[in-house]
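As stored in start_22.cif (mmCIF, N, CA and C atoms):
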data_structure
#
loop_
_atom_site.label_atom_id
_atom_site.label_comp_id
_atom_site.auth_asym_id
_atom_site.auth_seq_id
_atom_site.Cartn_x
_atom_site.Cartn_y
_atom_site.Cartn_z
N MET E 1 198.39 13.69 130.03
CA MET E 1 199.80 13.80 129.72
C MET E 1 199.95 14.70 128.50
N ALA E 2 200.11 15.96 128.75
CA ALA E 2 200.19 16.93 127.67
C ALA E 2 201.61 17.03 127.13
N PHE E 3 201.68 17.43 125.90
CA PHE E 3 202.97 17.64 125.25
C PHE E 3 203.34 19.10 125.42
N GLY E 4 204.25 19.38 126.33
CA GLY E 4 204.60 20.76 126.64
C GLY E 4 206.08 21.02 126.52
N ILE E 5 206.48 22.17 127.05
CA ILE E 5 207.88 22.58 126.97
C ILE E 5 208.75 21.66 127.81
N TYR E 6 208.22 21.15 128.94
CA TYR E 6 209.02 20.24 129.76
C TYR E 6 209.30 18.95 129.02
N SER E 7 208.35 18.46 128.26
CA SER E 7 208.56 17.24 127.48
C SER E 7 209.62 17.45 126.41
N LEU E 8 209.62 18.61 125.79
CA LEU E 8 210.64 18.92 124.78
C LEU E 8 212.03 19.01 125.41
N LEU E 9 212.12 19.64 126.58
CA LEU E 9 213.40 19.75 127.26
C LEU E 9 213.90 18.38 127.72
N GLU E 10 212.98 17.55 128.18
CA GLU E 10 213.36 16.21 128.61
C GLU E 10 213.83 15.36 127.42
N ALA E 11 213.18 15.50 126.29
CA ALA E 11 213.60 14.78 125.09
C ALA E 11 214.98 15.25 124.62
N ALA E 12 215.24 16.55 124.69
CA ALA E 12 216.55 17.08 124.32
C ALA E 12 217.62 16.56 125.28
N LEU E 13 217.31 16.50 126.56
CA LEU E 13 218.25 15.97 127.55
C LEU E 13 218.56 14.50 127.26
N LEU E 14 217.56 13.73 126.91
CA LEU E 14 217.79 12.33 126.59
C LEU E 14 218.66 12.17 125.33
N CYS E 15 218.46 13.02 124.34
CA CYS E 15 219.30 12.96 123.13
C CYS E 15 220.74 13.35 123.43
N ILE E 16 220.94 14.36 124.26
CA ILE E 16 222.30 14.76 124.62
C ILE E 16 222.97 13.67 125.44
N ASN E 17 222.20 13.01 126.33
CA ASN E 17 222.73 11.88 127.07
C ASN E 17 223.17 10.76 126.13
N ALA E 18 222.37 10.49 125.13
CA ALA E 18 222.70 9.43 124.18
C ALA E 18 223.98 9.75 123.42
N ILE E 19 224.17 11.00 123.05
CA ILE E 19 225.39 11.39 122.35
C ILE E 19 226.59 11.33 123.29
N ALA E 20 226.38 11.71 124.55
CA ALA E 20 227.49 11.78 125.50
C ALA E 20 228.04 10.41 125.87
N ILE E 21 227.22 9.36 125.78
CA ILE E 21 227.71 8.05 126.21
C ILE E 21 228.27 7.22 125.06
N LEU E 22 228.28 7.76 123.85
CA LEU E 22 228.85 7.00 122.74
C LEU E 22 230.34 6.78 122.98
N ASN E 23 230.77 5.55 122.90
CA ASN E 23 232.17 5.20 123.11
C ASN E 23 232.88 5.22 121.76
N GLU E 24 233.97 5.95 121.70
CA GLU E 24 234.67 6.12 120.42
C GLU E 24 235.30 4.82 119.94
N GLU E 25 235.92 4.08 120.85
CA GLU E 25 236.61 2.85 120.44
C GLU E 25 235.62 1.75 120.07
N ARG E 26 234.55 1.64 120.82
CA ARG E 26 233.62 0.53 120.60
C ARG E 26 232.63 0.79 119.46
N PHE E 27 232.18 2.02 119.33
CA PHE E 27 231.11 2.29 118.37
C PHE E 27 231.53 3.20 117.22
N LEU E 28 232.07 4.36 117.55
CA LEU E 28 232.30 5.37 116.52
C LEU E 28 233.36 4.93 115.50
N ASN E 29 234.42 4.26 115.95
CA ASN E 29 235.44 3.80 115.01
C ASN E 29 234.90 2.71 114.09
N LYS E 30 234.00 1.87 114.59
CA LYS E 30 233.45 0.79 113.78
C LYS E 30 232.56 1.29 112.65
N VAL E 31 231.88 2.40 112.88
CA VAL E 31 231.02 2.95 111.83
C VAL E 31 231.73 4.02 111.01
N GLY E 32 233.03 4.25 111.31
CA GLY E 32 233.81 5.20 110.53
C GLY E 32 233.67 6.64 110.96
N TRP E 33 233.29 6.87 112.23
CA TRP E 33 233.11 8.23 112.71
C TRP E 33 234.08 8.55 113.84
N GLY E 34 235.21 7.87 113.90
CA GLY E 34 236.21 8.13 114.93
C GLY E 34 236.98 9.41 114.66
N SER E 35 237.80 9.80 115.60
CA SER E 35 238.52 11.07 115.45
C SER E 35 239.63 10.98 114.40
N GLU E 36 240.15 9.78 114.12
CA GLU E 36 241.20 9.68 113.11
C GLU E 36 240.64 9.79 111.69
N GLN E 37 239.33 9.66 111.50
CA GLN E 37 238.73 9.87 110.18
C GLN E 37 238.50 11.35 109.92
N ASN E 38 238.78 12.18 110.91
CA ASN E 38 238.53 13.62 110.83
C ASN E 38 239.73 14.34 110.22
N VAL E 39 240.13 13.93 109.02
CA VAL E 39 241.30 14.51 108.38
C VAL E 39 240.85 15.38 107.21
N GLY E 40 241.26 16.63 107.23
CA GLY E 40 240.92 17.54 106.15
C GLY E 40 242.10 18.45 105.86
N GLY E 41 242.12 19.01 104.68
CA GLY E 41 243.21 19.89 104.31
C GLY E 41 242.98 21.30 104.80
N PHE E 42 244.03 22.08 104.78
CA PHE E 42 243.92 23.46 105.22
C PHE E 42 243.16 24.27 104.19
N GLY E 43 242.19 25.04 104.65
CA GLY E 43 241.42 25.90 103.76
C GLY E 43 240.21 25.22 103.14
N GLU E 44 240.06 23.92 103.37
CA GLU E 44 238.89 23.22 102.83
C GLU E 44 237.70 23.41 103.77
N GLU E 45 236.54 23.48 103.19
CA GLU E 45 235.32 23.54 103.98
C GLU E 45 235.07 22.16 104.60
N PRO E 46 234.79 22.10 105.91
CA PRO E 46 234.51 20.81 106.52
C PRO E 46 233.18 20.26 106.02
N GLY E 47 233.17 18.97 105.77
CA GLY E 47 231.95 18.34 105.30
C GLY E 47 230.99 18.08 106.44
N MET E 48 229.83 17.52 106.09
CA MET E 48 228.79 17.24 107.07
C MET E 48 229.28 16.22 108.10
N LYS E 49 229.98 15.19 107.64
CA LYS E 49 230.47 14.15 108.53
C LYS E 49 231.48 14.73 109.53
N THR E 50 232.36 15.58 109.07
CA THR E 50 233.35 16.21 109.94
C THR E 50 232.69 17.10 110.98
N GLN E 51 231.66 17.82 110.58
CA GLN E 51 230.95 18.68 111.52
C GLN E 51 230.22 17.87 112.57
N ILE E 52 229.62 16.75 112.19
CA ILE E 52 228.92 15.90 113.15
C ILE E 52 229.91 15.27 114.13
N ILE E 53 231.07 14.83 113.63
CA ILE E 53 232.10 14.27 114.51
C ILE E 53 232.57 15.34 115.50
N SER E 54 232.75 16.56 115.05
CA SER E 54 233.15 17.65 115.94
C SER E 54 232.07 17.95 116.97
N LEU E 55 230.80 17.90 116.56
CA LEU E 55 229.69 18.13 117.48
C LEU E 55 229.65 17.05 118.56
N ILE E 56 229.83 15.79 118.17
CA ILE E 56 229.83 14.69 119.14
C ILE E 56 230.98 14.85 120.12
N LYS E 57 232.15 15.20 119.61
CA LYS E 57 233.33 15.37 120.47
C LYS E 57 233.13 16.53 121.44
N SER E 58 232.58 17.64 120.97
CA SER E 58 232.39 18.79 121.84
C SER E 58 231.31 18.54 122.89
N ILE E 59 230.26 17.81 122.53
CA ILE E 59 229.23 17.46 123.52
C ILE E 59 229.82 16.57 124.59
N ARG E 60 230.66 15.61 124.19
CA ARG E 60 231.26 14.71 125.17
C ARG E 60 232.21 15.44 126.10
N ILE E 61 232.87 16.49 125.64
CA ILE E 61 233.82 17.22 126.47
C ILE E 61 233.13 18.29 127.31
N VAL E 62 232.33 19.12 126.69
CA VAL E 62 231.77 20.29 127.35
C VAL E 62 230.59 19.94 128.26
N MET E 63 229.76 19.01 127.86
CA MET E 63 228.52 18.75 128.59
C MET E 63 228.64 17.69 129.66
N ARG E 64 229.84 17.21 129.97
CA ARG E 64 229.99 16.13 130.95
C ARG E 64 229.48 16.53 132.33
N VAL E 65 229.96 17.63 132.88
CA VAL E 65 229.55 18.05 134.22
C VAL E 65 228.13 18.62 134.25
N PRO E 66 227.74 19.47 133.30
CA PRO E 66 226.35 19.96 133.34
C PRO E 66 225.32 18.84 133.21
N LEU E 67 225.64 17.77 132.48
CA LEU E 67 224.68 16.67 132.36
C LEU E 67 224.44 15.98 133.69
N ILE E 68 225.44 15.91 134.54
CA ILE E 68 225.25 15.30 135.85
C ILE E 68 224.19 16.08 136.63
N PHE E 69 224.31 17.40 136.63
CA PHE E 69 223.36 18.22 137.38
C PHE E 69 221.98 18.24 136.71
N LEU E 70 221.95 18.29 135.40
CA LEU E 70 220.65 18.29 134.70
C LEU E 70 219.91 16.97 134.91
N ASN E 71 220.63 15.86 134.86
CA ASN E 71 220.00 14.57 135.09
C ASN E 71 219.51 14.45 136.53
N ALA E 72 220.30 14.91 137.49
CA ALA E 72 219.87 14.88 138.89
C ALA E 72 218.63 15.74 139.11
N ALA E 73 218.61 16.92 138.51
CA ALA E 73 217.43 17.80 138.64
C ALA E 73 216.20 17.16 138.00
N THR E 74 216.38 16.51 136.86
CA THR E 74 215.26 15.85 136.19
C THR E 74 214.72 14.70 137.03
N ILE E 75 215.61 13.93 137.64
CA ILE E 75 215.18 12.83 138.49
C ILE E 75 214.42 13.35 139.71
N ILE E 76 214.91 14.43 140.31
CA ILE E 76 214.22 15.00 141.47
C ILE E 76 212.85 15.52 141.09
N VAL E 77 212.74 16.21 139.96
CA VAL E 77 211.44 16.72 139.51
C VAL E 77 210.48 15.57 139.23
N LYS E 78 210.97 14.51 138.60
CA LYS E 78 210.11 13.36 138.33
C LYS E 78 209.65 12.68 139.63
N LEU E 79 210.55 12.60 140.62
CA LEU E 79 210.16 12.00 141.89
C LEU E 79 209.13 12.85 142.64
N LEU E 80 209.30 14.16 142.58
CA LEU E 80 208.39 15.05 143.33
C LEU E 80 207.05 15.23 142.63
N LEU E 81 207.08 15.41 141.31
CA LEU E 81 205.85 15.73 140.60
C LEU E 81 205.20 14.53 139.91
N GLY E 82 205.93 13.47 139.80
CA GLY E 82 205.35 12.25 139.20
C GLY E 82 205.49 12.20 137.78
#
Before anything else, please render the file you have as structure tokens.
Amino acid sequence: MAFGIYSLLEAALLCINAIAILNEERFLNKVGWGSEQNVGGFGEEPGMKTQIISLIKSIRIVMRVPLIFLNAATIIVKLLLG
């Protein structure tokens, strides 16, 4: 079981899946990372927390459909190649 590029891609897919399934009402609001905490003034540089909240939101919106196909392809490859 070698550590190769496929293992890195699979680990990245699992991390993106983990971010995509985070529920805003159940989890993110409780830890203070909900969208209503994303308040900043005009012209201010966004902080690290604001950037991470934006990254989570964009992953949940943009990667929804591609994740379905990537997960299906990963499952098929695992079934065929073991």
If the PyMOL selection byres (((chain E and resi 48-60 and name CA) around 7) and name CA) is run on the structure shown, which residues does it catch, given as a list of chain:residue names? E:Ile19, E:Ala20, E:Trp33, E:Asn38, E:Pro46, E:Gly47, E:Ile61, E:Val62, E:Met63, E:Arg64
Please, could you write that set of residues out with N, CA and C atoms as a CSV table (one decimal), in the frame of the given file?
chain,number,residue,atom,x,y,z
E,19,ILE,N,224.2,11.0,123.0
E,19,ILE,CA,225.4,11.4,122.4
E,19,ILE,C,226.6,11.3,123.3
E,20,ALA,N,226.4,11.7,124.6
E,20,ALA,CA,227.5,11.8,125.5
E,20,ALA,C,228.0,10.4,125.9
E,33,TRP,N,233.3,6.9,112.2
E,33,TRP,CA,233.1,8.2,112.7
E,33,TRP,C,234.1,8.6,113.8
E,38,ASN,N,238.8,12.2,110.9
E,38,ASN,CA,238.5,13.6,110.8
E,38,ASN,C,239.7,14.3,110.2
E,46,PRO,N,234.8,22.1,105.9
E,46,PRO,CA,234.5,20.8,106.5
E,46,PRO,C,233.2,20.3,106.0
E,47,GLY,N,233.2,19.0,105.8
E,47,GLY,CA,232.0,18.3,105.3
E,47,GLY,C,231.0,18.1,106.4
E,61,ILE,N,232.9,16.5,125.6
E,61,ILE,CA,233.8,17.2,126.5
E,61,ILE,C,233.1,18.3,127.3
E,62,VAL,N,232.3,19.1,126.7
E,62,VAL,CA,231.8,20.3,127.4
E,62,VAL,C,230.6,19.9,128.3
E,63,MET,N,229.8,19.0,127.9
E,63,MET,CA,228.5,18.8,128.6
E,63,MET,C,228.6,17.7,129.7
E,64,ARG,N,229.8,17.2,130.0
E,64,ARG,CA,230.0,16.1,131.0
E,64,ARG,C,229.5,16.5,132.3
Starting from the shown file, work through the PyMOL selection byres (((chain E and resi 8-17 and name CA) around 9) and name CA) and note down what comes out as a ChimeraX atom specification. /E:3-7,18-22,59-60,63,67,70-71,74
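Of the residues in segment 38-72 of chain E, those given alpha helix (DSSP H) by DSSP on the backbone are Met48, Lys49, Thr50, Gln51, Ile52, Ile53, Ser54, Leu55, Ile56, Lys57, Ser58, Ile59, Arg60, Ile61, Val62, Arg64, Val65, Pro66, Leu67, Ile68, Phe69, Leu70, Asn71 and Ala72 of chain E.
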